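Listing of run00.cif, mmCIF, C-alpha atoms
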```cif
data_run
#
loop_
_atom_site.label_atom_id
_atom_site.label_comp_id
_atom_site.auth_asym_id
_atom_site.auth_seq_id
_atom_site.Cartn_x
_atom_site.Cartn_y
_atom_site.Cartn_z
CA MET A 7 0.00 0.00 0.00
CA THR A 8 1.46 3.35 -1.01
CA ALA A 9 1.30 6.43 1.21
CA ALA A 10 -1.33 7.92 -1.10
CA GLU A 11 -3.51 4.82 -0.66
CA ARG A 12 -3.31 4.72 3.13
CA PRO A 13 -6.44 5.98 4.89
CA THR A 14 -6.10 8.73 7.49
CA LEU A 15 -7.69 8.87 10.92
CA VAL A 16 -7.91 11.98 13.11
CA LEU A 17 -7.19 10.86 16.68
CA VAL A 18 -8.49 13.32 19.26
CA CYS A 19 -6.76 14.02 22.58
CA GLN A 20 -4.89 10.75 23.02
CA ARG A 21 -2.01 10.79 25.49
CA ALA A 22 1.15 10.27 23.41
CA SER A 23 2.92 8.24 26.11
CA LEU A 24 0.37 5.42 25.90
CA PRO A 25 1.42 3.45 22.84
CA TRP A 26 -1.30 0.94 22.02
CA ILE A 27 -3.60 2.86 19.70
CA PHE A 28 -0.65 4.36 17.82
CA GLU A 29 0.94 0.95 17.30
CA GLY A 30 -2.44 -0.48 16.33
CA ALA A 31 -2.82 2.14 13.60
CA VAL A 32 0.57 1.11 12.18
CA ARG A 33 -0.53 -2.54 12.10
CA ALA A 34 -3.81 -1.51 10.45
CA GLY A 35 -2.00 0.51 7.76
CA VAL A 36 -3.69 3.77 8.77
CA ASP A 37 -2.01 7.18 9.11
CA LEU A 38 -2.87 9.31 12.13
CA VAL A 39 -3.46 13.02 12.46
CA LEU A 40 -3.13 13.67 16.19
CA VAL A 41 -5.07 16.38 17.99
CA PRO A 42 -2.80 16.72 21.05
CA ARG A 43 -4.08 16.93 24.58
CA PRO A 44 -3.96 20.49 25.95
CA ASP A 45 -1.87 19.35 28.93
CA GLU A 46 0.76 17.55 26.86
CA GLU A 47 3.39 18.84 24.47
CA VAL A 48 4.17 16.51 21.56
CA PRO A 49 7.47 17.44 19.86
CA ALA A 50 7.14 17.53 16.08
CA ASP A 51 10.42 15.65 15.74
CA ARG A 52 9.34 12.83 18.10
CA LEU A 53 5.86 11.89 16.97
CA PRO A 54 4.23 8.68 18.24
CA PRO A 55 4.12 5.72 15.85
CA GLY A 56 1.76 6.20 12.93
CA VAL A 57 1.34 9.96 13.44
CA VAL A 58 2.03 11.96 10.29
CA GLU A 59 0.65 15.32 11.41
CA LEU A 60 -0.24 17.33 14.50
CA LEU A 61 -3.48 19.33 14.40
CA PRO A 62 -3.73 21.62 17.45
CA LEU A 63 -7.40 22.16 18.37
CA ASP A 64 -9.36 22.81 21.56
CA PRO A 65 -12.44 20.58 21.28
CA GLU A 66 -13.31 20.97 24.96
CA GLY A 67 -12.79 24.73 25.31
CA ASP A 68 -13.88 25.74 21.79
CA PRO A 69 -15.86 22.91 20.17
CA ALA A 70 -17.34 25.15 17.45
CA GLY A 71 -13.88 26.36 16.45
CA ALA A 72 -12.55 22.80 16.47
CA LEU A 73 -15.39 21.61 14.24
CA ALA A 74 -14.77 24.46 11.81
CA ALA A 75 -11.06 23.60 11.67
CA LEU A 76 -11.81 19.93 11.05
CA ARG A 77 -14.20 20.84 8.25
CA GLU A 78 -11.53 23.05 6.65
CA ARG A 79 -8.86 20.35 7.00
CA HIS A 80 -11.21 17.72 5.53
CA ALA A 81 -12.11 19.96 2.57
CA SER A 82 -8.46 20.57 1.68
CA ARG A 83 -7.05 17.14 2.55
CA PRO A 84 -9.80 14.59 3.21
CA PHE A 85 -9.46 12.08 6.02
CA GLN A 86 -11.46 8.88 6.32
CA GLY A 87 -12.30 8.76 10.01
CA ILE A 88 -12.15 10.41 13.42
CA ALA A 89 -11.90 8.74 16.84
CA THR A 90 -11.04 9.29 20.49
CA LEU A 91 -10.25 7.21 23.54
CA TYR A 92 -11.03 10.16 25.84
CA ASP A 93 -14.55 9.66 27.17
CA PRO A 94 -15.63 13.31 27.56
CA LEU A 95 -15.01 13.88 23.83
CA VAL A 96 -16.97 10.89 22.50
CA PRO A 97 -20.00 13.14 21.67
CA PHE A 98 -17.76 15.73 19.98
CA VAL A 99 -16.18 13.07 17.78
CA ALA A 100 -19.58 11.64 16.88
CA GLU A 101 -20.82 15.11 15.92
CA ALA A 102 -17.73 15.74 13.79
CA ALA A 103 -18.19 12.39 12.02
CA GLU A 104 -21.83 13.20 11.24
CA LEU A 105 -20.94 16.68 10.03
CA LEU A 106 -18.27 15.36 7.67
CA GLY A 107 -20.05 12.20 6.52
CA LEU A 108 -17.53 9.87 8.18
CA PRO A 109 -18.08 6.50 9.90
CA GLY A 110 -19.35 6.74 13.46
CA ILE A 111 -22.08 5.83 15.91
CA GLY A 112 -23.93 9.15 15.62
CA ARG A 113 -24.54 11.90 18.15
CA ASP A 114 -27.57 10.28 19.75
CA ALA A 115 -25.76 7.02 20.49
CA ALA A 116 -22.72 8.94 21.72
CA LEU A 117 -24.92 10.89 24.14
CA GLY A 118 -26.27 7.65 25.57
CA ALA A 119 -22.76 6.31 26.01
CA GLN A 120 -21.46 9.42 27.77
CA ASP A 121 -24.33 10.88 29.80
CA LYS A 122 -24.99 8.52 32.71
CA ARG A 123 -28.58 9.76 33.09
CA VAL A 124 -29.48 8.96 29.48
CA MET A 125 -27.53 5.72 29.58
CA ARG A 126 -29.42 4.36 32.57
CA GLU A 127 -32.78 5.39 31.18
CA ARG A 128 -32.12 3.66 27.86
CA LEU A 129 -30.74 0.52 29.45
CA ALA A 130 -33.65 0.30 31.88
CA ALA A 131 -36.16 0.86 29.06
CA ALA A 132 -34.58 -2.08 27.22
CA GLY A 133 -35.23 -4.30 30.23
CA LEU A 134 -31.60 -4.61 31.27
CA HIS A 135 -30.38 -4.77 34.84
CA VAL A 136 -29.33 -1.36 36.15
CA PRO A 137 -29.29 -0.06 39.73
CA ARG A 138 -32.32 1.97 40.72
CA PHE A 139 -31.41 5.61 40.24
CA VAL A 140 -32.54 9.23 40.42
CA ARG A 141 -31.49 12.10 38.16
CA VAL A 142 -30.17 15.24 39.84
CA ASP A 143 -30.83 18.10 37.41
CA GLY A 144 -30.64 21.80 38.17
CA PRO A 145 -30.23 23.62 41.49
CA ASP A 146 -33.64 22.69 43.01
CA ALA A 147 -32.98 19.92 45.53
CA GLU A 148 -36.52 19.06 46.56
CA PRO A 149 -37.58 16.88 43.57
CA TRP A 150 -34.55 14.61 43.61
CA LEU A 151 -34.35 14.45 47.41
CA ALA A 152 -37.92 13.21 47.53
CA ALA A 153 -37.27 10.66 44.80
CA ALA A 154 -34.00 9.52 46.36
CA GLY A 155 -35.85 8.82 49.59
CA GLU A 156 -37.46 5.88 47.80
CA LEU A 157 -34.06 4.28 47.07
CA ASP A 158 -32.43 1.66 49.27
CA PHE A 159 -29.37 3.06 51.05
CA PRO A 160 -26.39 3.21 50.75
CA VAL A 161 -26.34 5.05 47.42
CA VAL A 162 -23.59 6.28 45.11
CA VAL A 163 -23.42 9.83 43.70
CA LYS A 164 -21.78 10.22 40.27
CA PRO A 165 -21.30 13.18 37.91
CA ALA A 166 -23.42 12.55 34.83
CA HIS A 167 -20.49 13.51 32.60
CA GLY A 168 -17.67 12.38 34.87
CA TYR A 169 -14.73 10.14 34.10
CA SER A 170 -12.58 7.65 36.03
CA SER A 171 -13.25 8.02 39.77
CA LEU A 172 -13.82 11.77 39.73
CA GLY A 173 -16.45 12.66 42.29
CA VAL A 174 -17.85 9.14 42.70
CA THR A 175 -18.91 9.07 46.36
CA ARG A 176 -20.99 6.77 48.55
CA ALA A 177 -23.63 8.15 50.91
CA ASP A 178 -24.80 5.73 53.59
CA THR A 179 -27.92 7.54 54.84
CA PRO A 180 -30.51 10.00 53.54
CA ALA A 181 -29.09 12.53 56.02
CA GLU A 182 -25.68 12.34 54.30
CA LEU A 183 -27.02 12.63 50.78
CA ARG A 184 -27.62 16.38 50.52
CA GLY A 185 -24.08 17.17 51.72
CA THR A 186 -22.57 14.52 49.42
CA VAL A 187 -24.36 15.96 46.39
CA ALA A 188 -23.23 19.47 47.30
CA GLY A 189 -19.63 18.27 47.66
CA VAL A 190 -19.64 16.47 44.32
CA ARG A 191 -21.10 19.55 42.64
CA ARG A 192 -18.38 21.76 44.12
CA LEU A 193 -15.80 19.36 42.74
CA CYS A 194 -17.44 19.41 39.28
CA ALA A 195 -17.40 23.21 39.31
CA ASP A 196 -13.70 23.17 40.13
CA LYS A 197 -12.57 20.33 37.85
CA LEU A 198 -15.09 20.44 35.00
CA GLY A 199 -16.06 24.11 35.10
CA VAL A 200 -19.74 23.18 35.46
CA GLU A 201 -21.98 24.84 38.06
CA ASP A 202 -24.90 22.80 39.43
CA ALA A 203 -23.59 19.82 37.49
CA ALA A 204 -26.03 17.08 36.54
CA LEU A 205 -25.56 13.98 38.68
CA VAL A 206 -26.90 10.48 39.14
CA VAL A 207 -27.81 9.02 42.53
CA GLU A 208 -28.02 5.24 42.30
CA GLU A 209 -28.31 2.35 44.71
CA TYR A 210 -25.00 0.84 45.78
CA LEU A 211 -24.49 -2.70 44.53
CA ASP A 212 -22.39 -5.31 46.28
CA GLY A 213 -20.43 -8.06 44.58
CA PRO A 214 -17.41 -8.21 42.24
CA GLU A 215 -16.89 -5.48 39.68
CA ILE A 216 -16.46 -6.74 36.13
CA ALA A 217 -14.97 -5.06 33.05
CA VAL A 218 -15.83 -6.22 29.54
CA GLU A 219 -14.02 -5.31 26.32
CA SER A 220 -16.04 -5.70 23.13
CA LEU A 221 -15.99 -4.79 19.47
CA ALA A 222 -18.98 -4.19 17.19
CA ALA A 223 -19.22 -4.09 13.41
CA GLY A 224 -22.45 -3.71 11.50
CA GLY A 225 -24.42 -4.35 14.69
CA ARG A 226 -22.68 -7.67 15.44
CA VAL A 227 -20.90 -7.78 18.81
CA ARG A 228 -17.82 -9.80 19.69
CA VAL A 229 -16.91 -9.90 23.39
CA LEU A 230 -13.15 -10.12 23.66
CA SER A 231 -12.59 -10.39 27.40
CA VAL A 232 -14.41 -10.48 30.73
CA GLY A 233 -12.19 -9.27 33.57
CA TYR A 234 -12.24 -8.86 37.35
CA LYS A 235 -11.82 -5.37 38.87
CA GLY A 236 -12.03 -6.06 42.58
CA GLU A 237 -14.94 -5.44 44.97
CA PRO A 238 -14.76 -1.72 45.82
CA GLU A 239 -16.95 -0.64 48.72
CA GLY A 240 -16.29 3.09 48.72
CA PRO A 241 -16.64 5.71 49.89
CA TYR A 242 -14.58 6.90 46.89
CA PHE A 243 -14.07 3.79 44.68
CA GLU A 244 -10.41 4.20 43.81
CA GLU A 245 -9.54 1.68 41.08
CA SER A 246 -6.97 -0.95 41.98
CA VAL A 247 -6.78 -4.07 39.82
CA TYR A 248 -7.88 -5.48 36.49
CA ARG A 249 -7.31 -9.18 35.79
CA ALA A 250 -8.68 -11.16 32.86
CA PRO A 251 -10.18 -13.58 32.18
CA ALA A 252 -12.24 -13.43 35.36
CA PRO A 253 -12.69 -16.83 37.06
CA LEU A 254 -16.46 -17.16 36.80
CA PRO A 255 -18.98 -19.98 36.42
CA ASP A 256 -20.05 -20.52 32.82
CA ALA A 257 -23.64 -19.47 33.55
CA VAL A 258 -22.53 -16.15 35.06
CA ARG A 259 -20.11 -15.46 32.19
CA ASP A 260 -22.85 -16.21 29.66
CA ALA A 261 -25.24 -13.84 31.44
CA ILE A 262 -22.60 -11.07 31.30
CA VAL A 263 -22.09 -11.59 27.56
CA ARG A 264 -25.86 -11.46 26.94
CA GLU A 265 -26.23 -8.28 28.99
CA VAL A 266 -23.34 -6.51 27.26
CA THR A 267 -24.53 -7.55 23.79
CA ALA A 268 -28.04 -6.26 24.56
CA ALA A 269 -26.57 -3.00 25.91
CA HIS A 270 -24.84 -2.39 22.58
CA ALA A 271 -28.23 -2.57 20.88
CA ALA A 272 -29.99 -0.47 23.53
CA LEU A 273 -27.45 2.35 23.22
CA GLY A 274 -26.90 2.07 19.46
CA ILE A 275 -23.19 1.23 19.64
CA THR A 276 -23.20 -0.74 16.41
CA ASP A 277 -19.65 -0.10 15.21
CA GLY A 278 -16.38 0.21 17.08
CA PRO A 279 -15.02 -0.67 20.52
CA ALA A 280 -16.79 -0.48 23.86
CA HIS A 281 -15.64 -0.71 27.46
CA THR A 282 -18.35 -1.86 29.89
CA GLU A 283 -18.31 -2.01 33.67
CA LEU A 284 -20.77 -4.09 35.67
CA ARG A 285 -21.26 -5.47 39.16
CA LEU A 286 -22.34 -8.99 39.96
CA ARG A 287 -25.07 -8.44 42.50
CA GLY A 288 -24.94 -11.25 45.00
CA GLY A 289 -22.01 -12.56 43.00
CA THR A 290 -24.20 -13.87 40.19
CA ARG A 291 -26.48 -11.32 38.48
CA PRO A 292 -24.83 -8.72 36.21
CA TYR A 293 -25.94 -5.10 36.62
CA LEU A 294 -24.68 -2.53 34.12
CA LEU A 295 -22.87 0.50 35.56
CA GLU A 296 -21.17 2.09 32.54
CA MET A 297 -20.70 1.48 28.83
CA GLY A 298 -18.25 3.71 26.98
CA ALA A 299 -18.05 3.84 23.18
CA ARG A 300 -14.25 3.72 23.13
CA ILE A 301 -11.26 1.60 24.06
CA GLY A 302 -10.99 1.84 27.83
CA GLY A 303 -8.12 3.12 29.92
CA SER A 304 -6.65 5.28 27.12
CA GLY A 305 -5.65 2.03 25.44
CA VAL A 306 -4.89 -0.25 28.38
CA SER A 307 -8.02 -2.25 27.53
CA HIS A 308 -6.44 -3.09 24.17
CA TYR A 309 -3.54 -4.76 25.96
CA VAL A 310 -5.87 -6.82 28.15
CA ALA A 311 -8.30 -7.75 25.38
CA SER A 312 -5.65 -8.64 22.82
CA HIS A 313 -3.66 -10.90 25.15
CA VAL A 314 -6.78 -12.64 26.41
CA SER A 315 -8.58 -13.07 23.07
CA GLY A 316 -5.78 -12.99 20.50
CA ILE A 317 -7.73 -10.28 18.63
CA ASP A 318 -5.93 -7.00 17.91
CA LEU A 319 -8.49 -4.62 19.41
CA ALA A 320 -6.58 -1.40 18.65
CA ALA A 321 -5.94 -2.26 15.00
CA GLU A 322 -9.51 -3.50 14.46
CA ALA A 323 -10.98 -0.38 16.08
CA VAL A 324 -8.88 1.81 13.77
CA ARG A 325 -10.01 -0.17 10.72
CA ILE A 326 -13.66 0.24 11.67
CA ALA A 327 -13.17 3.97 12.35
CA VAL A 328 -12.03 4.55 8.75
CA GLY A 329 -14.87 2.48 7.29
CA ARG A 330 -13.06 -0.80 6.77
CA PRO A 331 -14.36 -4.19 7.92
CA PRO A 332 -12.59 -6.15 10.66
CA SER A 333 -9.84 -8.48 9.50
CA PHE A 334 -11.44 -11.48 11.23
CA ALA A 335 -14.80 -13.22 10.88
CA MET A 336 -17.16 -11.15 13.02
CA THR A 337 -19.05 -13.87 14.91
CA GLU A 338 -21.06 -12.94 17.99
CA GLY A 339 -20.43 -14.13 21.53
CA LEU A 340 -17.31 -14.48 23.64
CA ALA A 341 -13.91 -15.14 22.12
CA ALA A 342 -12.20 -18.20 23.59
CA PRO A 343 -9.41 -17.09 25.95
CA VAL A 344 -5.87 -17.76 24.76
CA GLY A 345 -4.00 -16.15 27.67
CA ALA A 346 -4.24 -13.94 30.76
CA ALA A 347 -3.37 -10.27 31.28
CA ALA A 348 -3.51 -7.80 34.12
CA ASN A 349 -3.22 -4.16 35.09
CA TYR A 350 -2.23 -3.19 38.62
CA ILE A 351 -3.21 0.40 39.33
CA VAL A 352 -0.81 1.70 41.95
CA PRO A 353 -2.99 3.25 44.68
CA CYS A 354 -2.33 6.76 45.91
CA GLY A 355 -2.47 5.45 49.46
CA GLY A 356 -2.65 8.99 50.82
CA TYR A 357 -2.38 12.57 49.64
CA GLY A 358 -0.05 15.53 49.71
CA ARG A 359 3.27 16.14 47.95
CA ILE A 360 4.94 12.96 46.71
CA THR A 361 8.54 12.60 47.91
CA ALA A 362 9.31 9.10 46.59
CA LEU A 363 7.81 6.15 44.71
CA HIS A 364 9.43 2.91 45.82
CA GLY A 365 9.61 -0.36 43.92
CA LEU A 366 8.93 0.69 40.34
CA ASP A 367 12.50 0.06 39.15
CA GLU A 368 12.32 -3.48 40.50
CA VAL A 369 8.93 -3.95 38.85
CA ARG A 370 10.22 -2.69 35.47
CA ALA A 371 12.87 -5.42 35.52
CA ASP A 372 10.33 -8.20 36.16
CA PRO A 373 9.99 -10.45 33.07
CA ARG A 374 6.21 -10.67 33.59
CA VAL A 375 5.85 -6.91 33.07
CA ASP A 376 5.49 -5.43 29.59
CA HIS A 377 4.75 -1.83 30.57
CA VAL A 378 5.07 0.43 33.59
CA VAL A 379 3.19 3.59 32.73
CA GLN A 380 4.02 6.21 35.36
CA MET A 381 1.76 9.27 35.58
CA LEU A 382 2.75 10.81 38.94
CA PHE A 383 6.27 11.65 40.10
CA PRO A 384 8.09 13.08 43.14
CA GLY A 385 7.02 16.68 43.57
CA ASP A 386 3.49 16.10 42.27
CA GLU A 387 0.65 17.07 44.56
CA VAL A 388 -2.04 14.44 45.18
CA ARG A 389 -5.38 15.77 46.35
CA PRO A 390 -7.64 13.72 48.61
CA TYR A 391 -10.63 11.88 47.19
CA PRO A 392 -13.29 12.46 45.92
CA ASP A 393 -11.05 14.76 43.87
CA PHE A 394 -9.23 12.74 41.23
CA THR A 395 -5.59 13.70 40.72
CA GLY A 396 -4.82 10.71 38.53
CA TYR A 397 -3.29 7.29 38.90
CA PRO A 398 0.33 7.07 40.09
CA ALA A 399 1.20 4.24 37.70
CA PHE A 400 -0.09 1.24 35.76
CA VAL A 401 1.82 -2.05 35.93
CA ILE A 402 0.72 -4.05 32.90
CA SER A 403 1.63 -7.70 32.67
CA ARG A 404 1.04 -11.07 30.98
CA HIS A 405 0.53 -14.36 32.83
CA ASP A 406 -0.15 -18.03 32.28
CA SER A 407 -3.37 -17.82 34.27
CA THR A 408 -5.51 -15.38 36.21
CA ALA A 409 -4.39 -17.09 39.42
CA ASP A 410 -0.79 -16.22 38.54
CA ALA A 411 -1.85 -12.61 37.94
CA GLU A 412 -3.53 -12.51 41.36
CA ASP A 413 -0.33 -13.76 43.03
CA PHE A 414 1.68 -11.15 41.14
CA HIS A 415 -0.63 -8.36 42.28
CA ALA A 416 -0.19 -9.49 45.89
CA HIS A 417 3.57 -9.18 45.32
CA LEU A 418 3.10 -5.65 43.93
CA GLU A 419 1.08 -4.62 46.98
CA ARG A 420 4.14 -5.47 49.10
CA THR A 421 6.67 -3.96 46.69
CA VAL A 422 5.30 -0.59 45.52
CA ARG A 423 4.60 2.28 47.90
CA ILE A 424 4.47 6.06 47.85
CA ASP A 425 5.96 8.45 50.41
CA TYR A 426 4.44 11.88 51.05
CA ALA A 427 5.91 14.95 52.68
CA PRO A 428 5.43 14.86 56.50
CA GLY A 429 2.33 16.67 57.61
CA ALA A 430 0.87 16.83 54.07
#
```

Represent the structure contained in this file as structure tokens.
Amino acid sequence: MTAAERPTLVLVCQRASLPWIFEGAVRAGVDLVLVPRPDEEVPADRLPPGVVELLPLDPEGDPAGALAALRERHASRPFQGIATLYDPLVPFVAEAAELLGLPGIGRDAALGAQDKRVMRERLAAAGLHVPRFVRVDGPDAEPWLAAAGELDFPVVVKPAHGYSSLGVTRADTPAELRGTVAGVRRLCADKLGVEDAALVVEEYLDGPEIAVESLAAGGRVRVLSVGYKGEPEGPYFEESVYRAPAPLPDAVRDAIVREVTAAHAALGITDGPAHTELRLRGGTRPYLLEMGARIGGSGVSHYVASHVSGIDLAAEAVRIAVGRPPSFAMTEGLAAPVGAAANYIVPCGGYGRITALHGLDEVRADPRVDHVVQMLFPGDEVRPYPDFTGYPAFVISRHDSTADAEDFHAHLERTVRIDYAPGA
């Protein structure tokens, strides 16, 4: 394939230090035009793999200007697709694709995959298992307080347009709820620039948390991996582990696959990747918490899915984004596992100014580890939850079995620790 024949994909706000989507584009034979993140400088002489051009835009701060610039770029030098792995910009990318006549899931489906209020309403209307919930819209507290009084406590408060663990907070009693909502809204005003942010209040579910990586093409859904993400109890739900495949009974795994496949249809995610999080209520019944129309973890989910299923999620997602079919036969259901993979998310373990991170050099030398992605460093300030500073580091590894991955994570818990300045 000559350079003139290679399709081009605009990749919006992907962190350049996370390699998987860039490497996947190279394997797919697709050139990338990167819209850099506003908090990251990408040197023009050290572009990530597959990137042939930088296109500085501000889709969060100036979406209209960014759309106009994309239209101008497309008119002068057409590109064949646009994508993002950054959840807050999934609706923007869908709107740009519609505007330019490019492949995509459409604005309405993107809204359902990004706004937790709409998502839960659509999933519930389709008869799927979701926690009972109440919308918190606008500054008037009385309507939602009355409705929330009908929920079983404890409950969990979430920003409707949040990401990662930002603002996710458990309230154990009705008396706590008003203050929890006010605190989450203050955080959204500070971090997201949104006053009286829309929230969801939903019943807390017990049981293991499950993450599912899937790929859709033409409405057919292939589930690539079903992984275990711990059993977080709150109050702030800091992420810790991701191990796949999850050791589950066949009947429970089959129920998860059915629920995720039906959620694709309910939300209209007919083409491209999806990252879904569920909880197994009572350890057996899957309840949907989130479904994002993107590769999860800024690409980490590609690593997990590809090593578990043998299917190149990043490359296939890029192919679909530029209007090409997957390179494999798109049969529905769960791909048979061919290996095990894991991500250990180093916990903050406190807050204040970091003075040292211990154990990462030893971990980097471990033959089981393929990547240590470090995001926080000595001198960085970690704010207490429910604020979300970021994850200190990901330790991403391959294993012969999920049991081996669990043993390795126990080793990491003993090996990696963070020191903070005294009195911070």

Selection under test: the PyMOL selection byres ((chain A and resi 102-106) around 8); residues as a list in words: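 For this structure, the PyMOL selection byres ((chain A and resi 102-106) around 8) resolves to Leu73, Leu76, Arg77, His80, Gly87, Ile88, Phe98, Val99, Ala100, Glu101, Gly107, Leu108, Pro109, Gly110, Gly112 and Arg113 of chain A.
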
- request: Run through the PyMOL selection byres ((chain A and resi 183-196) around 9) on the given coordinates and return the selected residues as a PyMOL selection string.
  value: chain A and resi 142+147+151+154+161+163-165+168+172-182+197-205+207+392-393

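When the PyMOL selection byres ((chain A and resi 93) around 8) is evaluated on the file shown here, the picked residues come out as Thr90, Leu91, Tyr92, Pro94, Leu95, Val96, Gln120, Tyr169, Gly298, Ala299 and Arg300 of chain A.
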
Any chance you could export the current selection's C-alpha atoms as a PDB file, keeping the file's coordinate frame?
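Saved to out_29.pdb:
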```pdb
ATOM      1  CA  THR A  90     -11.040   9.290  20.490  1.00  0.00           C
ATOM      2  CA  LEU A  91     -10.250   7.210  23.540  1.00  0.00           C
ATOM      3  CA  TYR A  92     -11.030  10.160  25.840  1.00  0.00           C
ATOM      4  CA  PRO A  94     -15.630  13.310  27.560  1.00  0.00           C
ATOM      5  CA  LEU A  95     -15.010  13.880  23.830  1.00  0.00           C
ATOM      6  CA  VAL A  96     -16.970  10.890  22.500  1.00  0.00           C
ATOM      7  CA  GLN A 120     -21.460   9.420  27.770  1.00  0.00           C
ATOM      8  CA  TYR A 169     -14.730  10.140  34.100  1.00  0.00           C
ATOM      9  CA  GLY A 298     -18.250   3.710  26.980  1.00  0.00           C
ATOM     10  CA  ALA A 299     -18.050   3.840  23.180  1.00  0.00           C
ATOM     11  CA  ARG A 300     -14.250   3.720  23.130  1.00  0.00           C
TER      12      ARG A 300
END
```

- request: Dump as a list in words all residues having an atom at most 6 Å from (2.7, 18.0, 49.4), computed in the file's coordinates with only C-alpha atoms.
  value: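 In the file's frame, the residues around the point are Gly358, Arg359, Glu387, Ala427 and Ala430 of chain A.
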
Write the residues you've just listed into a file as a JSON list (two decimals), keeping the file's coordinate frame, and include C-alpha atoms for each of them.
```json
[["chain", "number", "residue", "atom", "x", "y", "z"],
["A", 358, "GLY", "CA", -0.05, 15.53, 49.71],
["A", 359, "ARG", "CA", 3.27, 16.14, 47.95],
["A", 387, "GLU", "CA", 0.65, 17.07, 44.56],
["A", 427, "ALA", "CA", 5.91, 14.95, 52.68],
["A", 430, "ALA", "CA", 0.87, 16.83, 54.07]]
```

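Using only C-alpha atoms, the smallest distance between any of A:Val310, A:Val379, A:Leu40, A:Ile216 and Leu61 in chain A comes from A:Leu40.
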
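The space between CA of Gly233 in chain A and CA of Gly356 in chain A spans 26.9 Å.
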
Please return as a CSV table (one decimal) with C-alpha atoms, in the coordinates of the input every residue within 7 Å of (-24.2, -3.5, 19.5), taking into account only C-alpha atoms and the file's own coordinates.
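Below is the file part_38.csv, written as the result:
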```csv
chain,number,residue,atom,x,y,z
A,222,ALA,CA,-19.0,-4.2,17.2
A,225,GLY,CA,-24.4,-4.4,14.7
A,226,ARG,CA,-22.7,-7.7,15.4
A,227,VAL,CA,-20.9,-7.8,18.8
A,267,THR,CA,-24.5,-7.6,23.8
A,268,ALA,CA,-28.0,-6.3,24.6
A,269,ALA,CA,-26.6,-3.0,25.9
A,270,HIS,CA,-24.8,-2.4,22.6
A,271,ALA,CA,-28.2,-2.6,20.9
A,274,GLY,CA,-26.9,2.1,19.5
A,275,ILE,CA,-23.2,1.2,19.6
A,276,THR,CA,-23.2,-0.7,16.4
```

field: Distance criterion (all atoms listed in the file): nearest to Asp277 in chain A out of A:Gly305, A:Gly289, A:Gly224, A:Pro241
entry: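 Ranked by minimum distance to Asp277 in chain A, first place goes to A:Gly224.
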
field: Pick from A:Leu221, A:Val162, A:Leu230, A:Ala115 nearest to Ser315 in chain A, counting only C-alpha atoms
entry: A:Leu230

query: A:Glu237, A:Asp37, A:Glu209, A:Asp425: which is nearest Ile360 in chain A, counting all atoms listed in the file?
result: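 The answer is A:Asp425, which sits nearest to Ile360 in chain A.
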